[in-house]
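Structure data (TSV, N, CA and C atoms) from target02.tsv:
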```
chain	number	residue	atom	x	y	z
X	836	MET	N	-2.56	28.40	-61.96
X	836	MET	CA	-2.15	28.32	-60.58
X	836	MET	C	-0.68	27.90	-60.52
X	837	ARG	N	0.08	28.52	-59.67
X	837	ARG	CA	1.50	28.25	-59.54
X	837	ARG	C	1.75	27.34	-58.34
X	838	TYR	N	2.58	26.34	-58.54
X	838	TYR	CA	2.93	25.43	-57.46
X	838	TYR	C	4.11	25.99	-56.68
X	839	VAL	N	3.94	26.15	-55.39
X	839	VAL	CA	5.02	26.62	-54.53
X	839	VAL	C	5.26	25.54	-53.48
X	840	PRO	N	6.46	24.92	-53.49
X	840	PRO	CA	6.71	23.86	-52.51
X	840	PRO	C	6.77	24.40	-51.09
X	841	ARG	N	6.41	23.53	-50.17
X	841	ARG	CA	6.48	23.85	-48.75
X	841	ARG	C	7.95	24.09	-48.37
X	842	PRO	N	8.23	25.05	-47.50
X	842	PRO	CA	9.62	25.32	-47.13
X	842	PRO	C	10.27	24.12	-46.47
X	843	LEU	N	11.55	23.94	-46.71
X	843	LEU	CA	12.31	22.87	-46.07
X	843	LEU	C	12.58	23.22	-44.62
X	844	GLY	N	12.80	22.21	-43.82
X	844	GLY	CA	13.22	22.42	-42.44
X	844	GLY	C	12.15	23.00	-41.53
X	845	ARG	N	11.04	22.30	-41.37
X	845	ARG	CA	9.99	22.77	-40.46
X	845	ARG	C	10.53	22.76	-39.04
X	846	ALA	N	9.96	23.59	-38.21
X	846	ALA	CA	10.42	23.73	-36.83
X	846	ALA	C	10.09	22.50	-35.99
X	847	ASP	N	8.99	21.82	-36.30
X	847	ASP	CA	8.62	20.65	-35.50
X	847	ASP	C	9.42	19.43	-35.97
X	848	GLY	N	9.67	18.54	-35.07
X	848	GLY	CA	10.38	17.31	-35.42
X	848	GLY	C	11.82	17.33	-34.94
X	849	GLN	N	12.34	16.13	-34.77
X	849	GLN	CA	13.71	15.95	-34.29
X	849	GLN	C	14.67	15.93	-35.47
X	850	PRO	N	15.65	16.85	-35.50
X	850	PRO	CA	16.61	16.85	-36.61
X	850	PRO	C	17.49	15.60	-36.58
X	851	PHE	N	18.06	15.30	-37.72
X	851	PHE	CA	18.99	14.18	-37.84
X	851	PHE	C	20.32	14.56	-37.22
X	852	GLY	N	21.08	13.56	-36.82
X	852	GLY	CA	22.39	13.80	-36.24
X	852	GLY	C	23.47	14.06	-37.28
X	853	SER	N	23.25	13.58	-38.50
X	853	SER	CA	24.24	13.76	-39.57
X	853	SER	C	23.55	13.66	-40.92
X	854	ALA	N	24.25	14.09	-41.95
X	854	ALA	CA	23.73	13.96	-43.31
X	854	ALA	C	23.62	12.49	-43.70
X	855	GLU	N	24.54	11.67	-43.21
X	855	GLU	CA	24.47	10.24	-43.52
X	855	GLU	C	23.20	9.62	-42.94
X	856	GLU	N	22.87	9.99	-41.72
X	856	GLU	CA	21.64	9.49	-41.10
X	856	GLU	C	20.41	9.94	-41.91
X	857	ALA	N	20.41	11.20	-42.35
X	857	ALA	CA	19.30	11.72	-43.15
X	857	ALA	C	19.21	10.99	-44.48
X	858	TRP	N	20.36	10.74	-45.11
X	858	TRP	CA	20.36	10.07	-46.41
X	858	TRP	C	19.89	8.61	-46.28
X	859	MET	N	20.31	7.93	-45.24
X	859	MET	CA	19.87	6.55	-45.04
X	859	MET	C	18.38	6.50	-44.73
X	860	TRP	N	17.86	7.48	-44.01
X	860	TRP	CA	16.42	7.57	-43.76
X	860	TRP	C	15.69	7.75	-45.07
X	861	PHE	N	16.21	8.64	-45.92
X	861	PHE	CA	15.62	8.84	-47.24
X	861	PHE	C	15.62	7.52	-48.02
X	862	GLY	N	16.74	6.80	-47.99
X	862	GLY	CA	16.83	5.52	-48.70
X	862	GLY	C	15.82	4.51	-48.18
X	863	ALA	N	15.64	4.44	-46.87
X	863	ALA	CA	14.65	3.52	-46.30
X	863	ALA	C	13.25	3.90	-46.73
X	864	CYS	N	12.97	5.20	-46.78
X	864	CYS	CA	11.65	5.67	-47.25
X	864	CYS	C	11.43	5.30	-48.71
X	865	GLN	N	12.47	5.42	-49.53
X	865	GLN	CA	12.35	5.07	-50.94
X	865	GLN	C	12.11	3.57	-51.11
X	866	LEU	N	12.80	2.77	-50.32
X	866	LEU	CA	12.59	1.32	-50.38
X	866	LEU	C	11.16	0.97	-49.99
X	867	ALA	N	10.63	1.65	-48.97
X	867	ALA	CA	9.25	1.41	-48.54
X	867	ALA	C	8.27	1.83	-49.64
X	868	ARG	N	8.54	2.95	-50.28
X	868	ARG	CA	7.68	3.40	-51.38
X	868	ARG	C	7.70	2.41	-52.53
X	869	ALA	N	8.86	1.83	-52.79
X	869	ALA	CA	9.00	0.89	-53.91
X	869	ALA	C	8.14	-0.36	-53.74
X	870	VAL	N	7.85	-0.72	-52.49
X	870	VAL	CA	7.01	-1.90	-52.25
X	870	VAL	C	5.56	-1.52	-51.98
X	871	GLY	N	5.25	-0.22	-52.19
X	871	GLY	CA	3.85	0.19	-52.12
X	871	GLY	C	3.42	0.96	-50.89
X	872	ALA	N	4.33	1.26	-49.99
X	872	ALA	CA	3.95	2.02	-48.79
X	872	ALA	C	3.62	3.46	-49.17
X	873	ARG	N	2.66	4.01	-48.48
X	873	ARG	CA	2.33	5.42	-48.64
X	873	ARG	C	2.77	6.15	-47.39
X	874	LEU	N	3.73	7.03	-47.57
X	874	LEU	CA	4.30	7.73	-46.43
X	874	LEU	C	3.43	8.91	-46.04
X	875	GLN	N	3.18	9.03	-44.75
X	875	GLN	CA	2.39	10.14	-44.23
X	875	GLN	C	3.08	10.71	-43.00
X	876	ALA	N	2.93	11.99	-42.79
X	876	ALA	CA	3.53	12.64	-41.62
X	876	ALA	C	2.95	12.05	-40.34
X	877	GLY	N	3.80	11.90	-39.34
X	877	GLY	CA	3.35	11.43	-38.04
X	877	GLY	C	3.20	9.92	-37.91
X	878	GLN	N	3.59	9.16	-38.92
X	878	GLN	CA	3.43	7.71	-38.87
X	878	GLN	C	4.65	6.98	-38.33
X	879	GLY	N	5.80	7.65	-38.27
X	879	GLY	CA	7.03	7.01	-37.83
X	879	GLY	C	7.20	7.06	-36.32
X	880	ASP	N	8.23	6.40	-35.84
X	880	ASP	CA	8.54	6.41	-34.41
X	880	ASP	C	9.04	7.78	-33.96
X	881	VAL	N	9.76	8.47	-34.86
X	881	VAL	CA	10.33	9.78	-34.54
X	881	VAL	C	9.83	10.77	-35.58
X	882	SER	N	9.34	11.91	-35.11
X	882	SER	CA	8.91	12.97	-36.02
X	882	SER	C	10.15	13.68	-36.56
X	883	ARG	N	10.21	13.87	-37.87
X	883	ARG	CA	11.35	14.51	-38.51
X	883	ARG	C	10.96	15.89	-39.04
X	884	PRO	N	11.93	16.79	-39.16
X	884	PRO	CA	11.63	18.17	-39.60
X	884	PRO	C	11.47	18.32	-41.11
X	885	CYS	N	11.32	17.22	-41.83
X	885	CYS	CA	11.23	17.29	-43.28
X	885	CYS	C	10.51	16.05	-43.81
X	886	ASP	N	10.26	16.07	-45.10
X	886	ASP	CA	9.76	14.91	-45.82
X	886	ASP	C	10.92	14.26	-46.55
X	887	PRO	N	10.82	13.00	-46.93
X	887	PRO	CA	11.89	12.39	-47.72
X	887	PRO	C	12.17	13.16	-49.02
X	888	ASP	N	11.14	13.74	-49.59
X	888	ASP	CA	11.32	14.50	-50.83
X	888	ASP	C	12.18	15.74	-50.61
X	889	ASP	N	12.22	16.28	-49.41
X	889	ASP	CA	13.08	17.43	-49.12
X	889	ASP	C	14.55	17.04	-49.24
X	890	ILE	N	14.89	15.84	-48.78
X	890	ILE	CA	16.26	15.35	-48.90
X	890	ILE	C	16.61	15.16	-50.37
X	891	TYR	N	15.67	14.58	-51.12
X	891	TYR	CA	15.88	14.38	-52.56
X	891	TYR	C	16.11	15.72	-53.26
X	892	ARG	N	15.29	16.71	-52.95
X	892	ARG	CA	15.44	18.01	-53.59
X	892	ARG	C	16.78	18.67	-53.23
X	893	ALA	N	17.25	18.46	-52.02
X	893	ALA	CA	18.55	19.01	-51.62
X	893	ALA	C	19.67	18.39	-52.45
X	894	VAL	N	19.62	17.08	-52.66
X	894	VAL	CA	20.64	16.41	-53.47
X	894	VAL	C	20.54	16.86	-54.93
X	895	GLN	N	19.34	16.99	-55.44
X	895	GLN	CA	19.17	17.46	-56.82
X	895	GLN	C	19.69	18.89	-56.98
X	896	ARG	N	19.50	19.71	-55.98
X	896	ARG	CA	20.00	21.09	-56.03
X	896	ARG	C	21.54	21.09	-56.07
X	897	LEU	N	22.16	20.24	-55.27
X	897	LEU	CA	23.62	20.13	-55.29
X	897	LEU	C	24.11	19.66	-56.65
X	898	TYR	N	23.36	18.76	-57.28
X	898	TYR	CA	23.73	18.27	-58.61
X	898	TYR	C	23.60	19.39	-59.64
X	899	ARG	N	22.50	20.13	-59.59
X	899	ARG	CA	22.31	21.23	-60.55
X	899	ARG	C	23.36	22.31	-60.38
X	900	LEU	N	23.81	22.54	-59.15
X	900	LEU	CA	24.85	23.53	-58.89
X	900	LEU	C	26.25	22.99	-59.16
X	901	ARG	N	26.32	21.73	-59.57
X	901	ARG	CA	27.58	21.03	-59.89
X	901	ARG	C	28.51	20.89	-58.70
X	902	ARG	N	27.92	20.79	-57.52
X	902	ARG	CA	28.73	20.50	-56.33
X	902	ARG	C	29.04	19.00	-56.30
X	903	ILE	N	28.05	18.21	-56.74
X	903	ILE	CA	28.25	16.77	-56.86
X	903	ILE	C	27.94	16.37	-58.31
X	904	GLY	N	28.47	15.24	-58.73
X	904	GLY	CA	28.28	14.79	-60.10
X	904	GLY	C	27.54	13.47	-60.18
X	905	GLY	N	27.47	12.94	-61.36
X	905	GLY	CA	26.77	11.67	-61.60
X	905	GLY	C	27.37	10.51	-60.83
X	906	ARG	N	28.69	10.50	-60.70
X	906	ARG	CA	29.32	9.40	-59.94
X	906	ARG	C	28.91	9.47	-58.47
X	907	HIS	N	28.81	10.69	-57.93
X	907	HIS	CA	28.35	10.84	-56.55
X	907	HIS	C	26.92	10.30	-56.41
X	908	LEU	N	26.06	10.64	-57.37
X	908	LEU	CA	24.67	10.19	-57.31
X	908	LEU	C	24.57	8.67	-57.36
X	909	ARG	N	25.38	8.06	-58.22
X	909	ARG	CA	25.34	6.59	-58.31
X	909	ARG	C	25.76	5.94	-57.00
X	910	VAL	N	26.82	6.48	-56.39
X	910	VAL	CA	27.29	5.93	-55.10
X	910	VAL	C	26.24	6.15	-54.01
X	911	LEU	N	25.67	7.35	-53.96
X	911	LEU	CA	24.62	7.62	-52.96
X	911	LEU	C	23.45	6.67	-53.15
X	912	GLY	N	23.01	6.49	-54.39
X	912	GLY	CA	21.88	5.60	-54.66
X	912	GLY	C	22.16	4.16	-54.31
X	913	ARG	N	23.35	3.69	-54.69
X	913	ARG	CA	23.70	2.28	-54.43
X	913	ARG	C	23.69	1.97	-52.94
X	914	PHE	N	24.31	2.84	-52.15
X	914	PHE	CA	24.43	2.54	-50.73
X	914	PHE	C	23.19	2.90	-49.94
X	915	ALA	N	22.36	3.79	-50.46
X	915	ALA	CA	21.06	4.02	-49.83
X	915	ALA	C	20.18	2.79	-50.02
X	916	ALA	N	20.27	2.18	-51.20
X	916	ALA	CA	19.47	0.98	-51.47
X	916	ALA	C	19.92	-0.20	-50.61
X	917	SER	N	21.22	-0.28	-50.33
X	917	SER	CA	21.71	-1.39	-49.50
X	917	SER	C	21.63	-1.07	-48.01
X	918	GLN	N	21.32	0.21	-47.67
X	918	GLN	CA	21.20	0.68	-46.29
X	918	GLN	C	22.47	0.43	-45.49
X	919	CYS	N	23.61	0.61	-46.17
X	919	CYS	CA	24.91	0.44	-45.52
X	919	CYS	C	25.91	1.33	-46.22
X	920	PRO	N	26.66	2.16	-45.49
X	920	PRO	CA	27.65	3.01	-46.15
X	920	PRO	C	28.80	2.18	-46.73
X	921	PRO	N	29.53	2.75	-47.68
X	921	PRO	CA	30.63	1.99	-48.28
X	921	PRO	C	31.72	1.65	-47.25
X	922	ASP	N	32.25	0.47	-47.38
X	922	ASP	CA	33.31	0.01	-46.48
X	922	ASP	C	34.37	-0.68	-47.33
X	923	PRO	N	35.52	-0.04	-47.54
X	923	PRO	CA	36.58	-0.65	-48.36
X	923	PRO	C	37.03	-2.00	-47.83
X	924	ARG	N	36.92	-2.23	-46.53
X	924	ARG	CA	37.31	-3.53	-45.96
X	924	ARG	C	36.36	-4.64	-46.38
X	925	ALA	N	35.13	-4.26	-46.78
X	925	ALA	CA	34.14	-5.26	-47.18
X	925	ALA	C	34.10	-5.44	-48.70
X	926	GLY	N	35.08	-4.86	-49.40
X	926	GLY	CA	35.14	-5.04	-50.84
X	926	GLY	C	34.65	-3.85	-51.64
X	927	ASP	N	34.11	-2.84	-50.97
X	927	ASP	CA	33.73	-1.61	-51.68
X	927	ASP	C	35.01	-0.85	-52.00
X	928	GLY	N	35.07	-0.25	-53.17
X	928	GLY	CA	36.26	0.48	-53.57
X	928	GLY	C	36.51	1.70	-52.71
X	929	ALA	N	37.80	2.03	-52.55
X	929	ALA	CA	38.16	3.23	-51.79
X	929	ALA	C	37.63	4.47	-52.49
X	930	GLY	N	37.55	4.43	-53.81
X	930	GLY	CA	37.01	5.56	-54.57
X	930	GLY	C	35.55	5.80	-54.24
X	931	GLN	N	34.80	4.73	-54.02
X	931	GLN	CA	33.40	4.88	-53.66
X	931	GLN	C	33.25	5.54	-52.29
X	932	ALA	N	34.13	5.18	-51.38
X	932	ALA	CA	34.09	5.79	-50.04
X	932	ALA	C	34.42	7.27	-50.12
X	933	VAL	N	35.33	7.64	-51.00
X	933	VAL	CA	35.69	9.06	-51.16
X	933	VAL	C	34.51	9.83	-51.76
X	934	LEU	N	33.88	9.28	-52.80
X	934	LEU	CA	32.72	9.93	-53.41
X	934	LEU	C	31.58	10.07	-52.39
X	935	TRP	N	31.36	9.04	-51.61
X	935	TRP	CA	30.34	9.05	-50.57
X	935	TRP	C	30.60	10.19	-49.57
X	936	ALA	N	31.83	10.27	-49.10
X	936	ALA	CA	32.18	11.30	-48.12
X	936	ALA	C	32.04	12.71	-48.71
X	937	GLU	N	32.48	12.89	-49.94
X	937	GLU	CA	32.36	14.20	-50.58
X	937	GLU	C	30.91	14.63	-50.70
X	938	ALA	N	30.08	13.72	-51.20
X	938	ALA	CA	28.67	14.05	-51.39
X	938	ALA	C	28.00	14.37	-50.07
X	939	LEU	N	28.29	13.59	-49.04
X	939	LEU	CA	27.66	13.83	-47.74
X	939	LEU	C	28.18	15.11	-47.08
X	940	ASP	N	29.42	15.49	-47.36
X	940	ASP	CA	29.93	16.76	-46.83
X	940	ASP	C	29.13	17.93	-47.40
X	941	TYR	N	28.90	17.92	-48.71
X	941	TYR	CA	28.10	18.97	-49.33
X	941	TYR	C	26.66	18.94	-48.82
X	942	LEU	N	26.11	17.74	-48.72
X	942	LEU	CA	24.73	17.60	-48.25
X	942	LEU	C	24.60	18.06	-46.81
X	943	ASP	N	25.59	17.78	-46.00
X	943	ASP	CA	25.56	18.18	-44.59
X	943	ASP	C	25.42	19.69	-44.45
X	944	VAL	N	26.20	20.43	-45.20
X	944	VAL	CA	26.14	21.90	-45.13
X	944	VAL	C	24.74	22.38	-45.50
X	945	ASP	N	24.20	21.85	-46.58
X	945	ASP	CA	22.87	22.26	-47.05
X	945	ASP	C	21.78	21.93	-46.03
X	946	LEU	N	21.81	20.72	-45.49
X	946	LEU	CA	20.77	20.30	-44.55
X	946	LEU	C	20.89	21.01	-43.20
X	947	ARG	N	22.09	21.35	-42.79
X	947	ARG	CA	22.26	22.11	-41.54
X	947	ARG	C	21.67	23.51	-41.68
X	948	GLN	N	21.87	24.13	-42.82
X	948	GLN	CA	21.30	25.46	-43.05
X	948	GLN	C	19.79	25.44	-42.99
X	949	ARG	N	19.20	24.34	-43.33
X	949	ARG	CA	17.74	24.21	-43.35
X	949	ARG	C	17.16	23.65	-42.06
X	950	GLY	N	18.01	23.31	-41.10
X	950	GLY	CA	17.53	22.80	-39.82
X	950	GLY	C	17.13	21.34	-39.85
X	951	ILE	N	17.51	20.63	-40.90
X	951	ILE	CA	17.17	19.21	-41.02
X	951	ILE	C	18.21	18.36	-40.27
X	952	VAL	N	19.45	18.83	-40.25
X	952	VAL	CA	20.53	18.18	-39.50
X	952	VAL	C	20.95	19.11	-38.39
X	953	ALA	N	21.09	18.56	-37.19
X	953	ALA	CA	21.47	19.39	-36.02
X	953	ALA	C	22.96	19.62	-35.99
```
Could you spell out this file's structure in structure tokens?
Amino acid sequence: MRYVPRPLGRADGQPFGSAEEAWMWFGACQLARAVGARLQAGQGDVSRPCDPDDIYRAVQRLYRLRRIGGRHLRVLGRFAASQCPPDPRAGDGAGQAVLWAEALDYLDVDLRQRGIVA
């Protein structure tokens, strides 16, 4: 039997306003999973057009296509875990802010095409 993933960007649900919002939502879902939560559709306050794993797969696809690199992934992971974007005024390096912006620019294009970001 062949596994075929469900298509990204279902028609139902409210799309995210930006790739950053989608990425932070993904990070919050990952933090909840880490403490044992089981995520199920329809359990949140707002219905979304995707699963957290759809966001993960989009980032992995960008990595495989070499649009983003390992440094981008580390910055995305670090700030998703802290649930706060990089801020050079708060001691985060300017380089981290640049990597963050680059990665989210690529992610934004991908998620807009799939209807996950409006």
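Counting all atoms listed in the file and comparing X:Ala893, X:Ala932, X:Arg913, X:Gln918, the residue that lies closest to Asp945 in chain X is X:Ala893.
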Could you give me, as a tab-separated table (two decimals) with N, CA and C atoms, in the coordinates of the input, the residues within 6 Å of range 860-875 of chain X, counting only N, CA and C atoms and dropping anything in the same chain fewer than 4 positions from it?
```tsv
chain	number	residue	atom	x	y	z
X	855	GLU	N	24.54	11.67	-43.21
X	855	GLU	CA	24.47	10.24	-43.52
X	855	GLU	C	23.20	9.62	-42.94
X	856	GLU	N	22.87	9.99	-41.72
X	856	GLU	CA	21.64	9.49	-41.10
X	856	GLU	C	20.41	9.94	-41.91
X	887	PRO	N	10.82	13.00	-46.93
X	887	PRO	CA	11.89	12.39	-47.72
X	887	PRO	C	12.17	13.16	-49.02
X	915	ALA	N	22.36	3.79	-50.46
X	915	ALA	CA	21.06	4.02	-49.83
X	915	ALA	C	20.18	2.79	-50.02
X	916	ALA	N	20.27	2.18	-51.20
X	916	ALA	CA	19.47	0.98	-51.47
X	916	ALA	C	19.92	-0.20	-50.61
```
I'd like the contact shell of Val952 in chain X - 6.5 Å cut-off, all atoms listed in the file, skipping same-chain residues fewer than 4 positions apart - returned as JSON, numbers by chain. {"X": [850, 851, 852, 853, 854, 946, 947, 948]}
Running DSSP on the backbone, which parts of range 836-936 of chain X land in alpha helix (DSSP H), as an MDAnalysis selection string? chainID X and resid 854:869 887:899 905:917 929:936
Distance criterion (only C-alpha atoms): nearest to Met859 in chain X out of X:Val910, X:Val894, X:Ser917, X:Asp940: X:Ser917
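Here CA of Ala936 in chain X stands at a distance of 28.3 Å from CA of Asp847 in chain X.
Among X:Pro920, X:Gly848, X:Gly950, X:Gly904, the residue with the shortest atom-to-atom distance to Ala938 in chain X, counting only N, CA and C atoms, is X:Gly904.
What separates atom N of Tyr891 in chain X from atom N of Asp922 in chain X is a distance of 22.1 Å.
The smallest atom-to-atom distance between Arg902 in chain X and any of X:Asp943, X:Glu937, X:Asp886, X:Asp927, using only C-alpha atoms, is found for X:Glu937.
Atom pair atom N of Pro884 in chain X / CA of Leu908 in chain X: separated by 23.1 Å.
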Contacts of Trp935 in chain X within 6.5 Å, all atoms listed in the file, excl. fewer than 4 positions in-chain, as a ChimeraX atom specification: /X:907,910-911,930-931,939-940
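In this comparison, which uses only C-alpha atoms, the residue of X:Leu934, X:Ala925, X:Ala953, X:Ala857 approaching Asp888 in chain X most closely is X:Ala857.
Each of X:Leu897, X:Gly928, X:Phe914, X:Pro923 was compared to Leu942 in chain X using only N, CA and C atoms, and X:Leu897 turns out to be the nearest.
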Would you save range 921-940 of chain X from the block above with N, CA and C atoms, as a compact mmCIF listing (two decimals), in the first residue's frame?
```
# COMPACT_ATOMS: atom_id res chain seq x y z
N PRO X 921 13.16 37.28 16.16
CA PRO X 921 14.43 37.90 16.57
C PRO X 921 14.31 39.43 16.62
N ASP X 922 14.95 39.99 17.60
CA ASP X 922 14.95 41.45 17.78
C ASP X 922 16.37 41.88 18.12
N PRO X 923 17.08 42.50 17.17
CA PRO X 923 18.46 42.93 17.45
C PRO X 923 18.56 43.87 18.64
N ARG X 924 17.51 44.63 18.93
CA ARG X 924 17.54 45.54 20.08
C ARG X 924 17.53 44.78 21.40
N ALA X 925 17.06 43.52 21.37
CA ALA X 925 16.99 42.72 22.58
C ALA X 925 18.20 41.80 22.72
N GLY X 926 19.21 42.00 21.88
CA GLY X 926 20.42 41.20 21.99
C GLY X 926 20.54 40.09 20.96
N ASP X 927 19.51 39.89 20.16
CA ASP X 927 19.61 38.91 19.07
C ASP X 927 20.46 39.54 17.97
N GLY X 928 21.30 38.75 17.34
CA GLY X 928 22.17 39.27 16.30
C GLY X 928 21.40 39.74 15.08
N ALA X 929 21.97 40.76 14.41
CA ALA X 929 21.34 41.26 13.19
C ALA X 929 21.35 40.17 12.12
N GLY X 930 22.36 39.31 12.14
CA GLY X 930 22.42 38.21 11.19
C GLY X 930 21.27 37.24 11.37
N GLN X 931 20.86 37.02 12.61
CA GLN X 931 19.73 36.14 12.87
C GLN X 931 18.44 36.73 12.31
N ALA X 932 18.30 38.03 12.44
CA ALA X 932 17.11 38.70 11.91
C ALA X 932 17.07 38.60 10.39
N VAL X 933 18.23 38.68 9.75
CA VAL X 933 18.29 38.57 8.29
C VAL X 933 17.93 37.15 7.86
N LEU X 934 18.49 36.14 8.53
CA LEU X 934 18.17 34.75 8.21
C LEU X 934 16.68 34.48 8.42
N TRP X 935 16.13 35.00 9.49
CA TRP X 935 14.71 34.85 9.80
C TRP X 935 13.85 35.43 8.66
N ALA X 936 14.18 36.65 8.25
CA ALA X 936 13.41 37.31 7.19
C ALA X 936 13.53 36.55 5.87
N GLU X 937 14.72 36.10 5.54
CA GLU X 937 14.91 35.35 4.29
C GLU X 937 14.07 34.08 4.28
N ALA X 938 14.17 33.32 5.36
CA ALA X 938 13.43 32.06 5.44
C ALA X 938 11.93 32.29 5.35
N LEU X 939 11.43 33.30 6.05
CA LEU X 939 10.00 33.57 6.03
C LEU X 939 9.53 34.11 4.68
N ASP X 940 10.40 34.81 3.96
CA ASP X 940 10.04 35.27 2.62
C ASP X 940 9.80 34.07 1.70
```
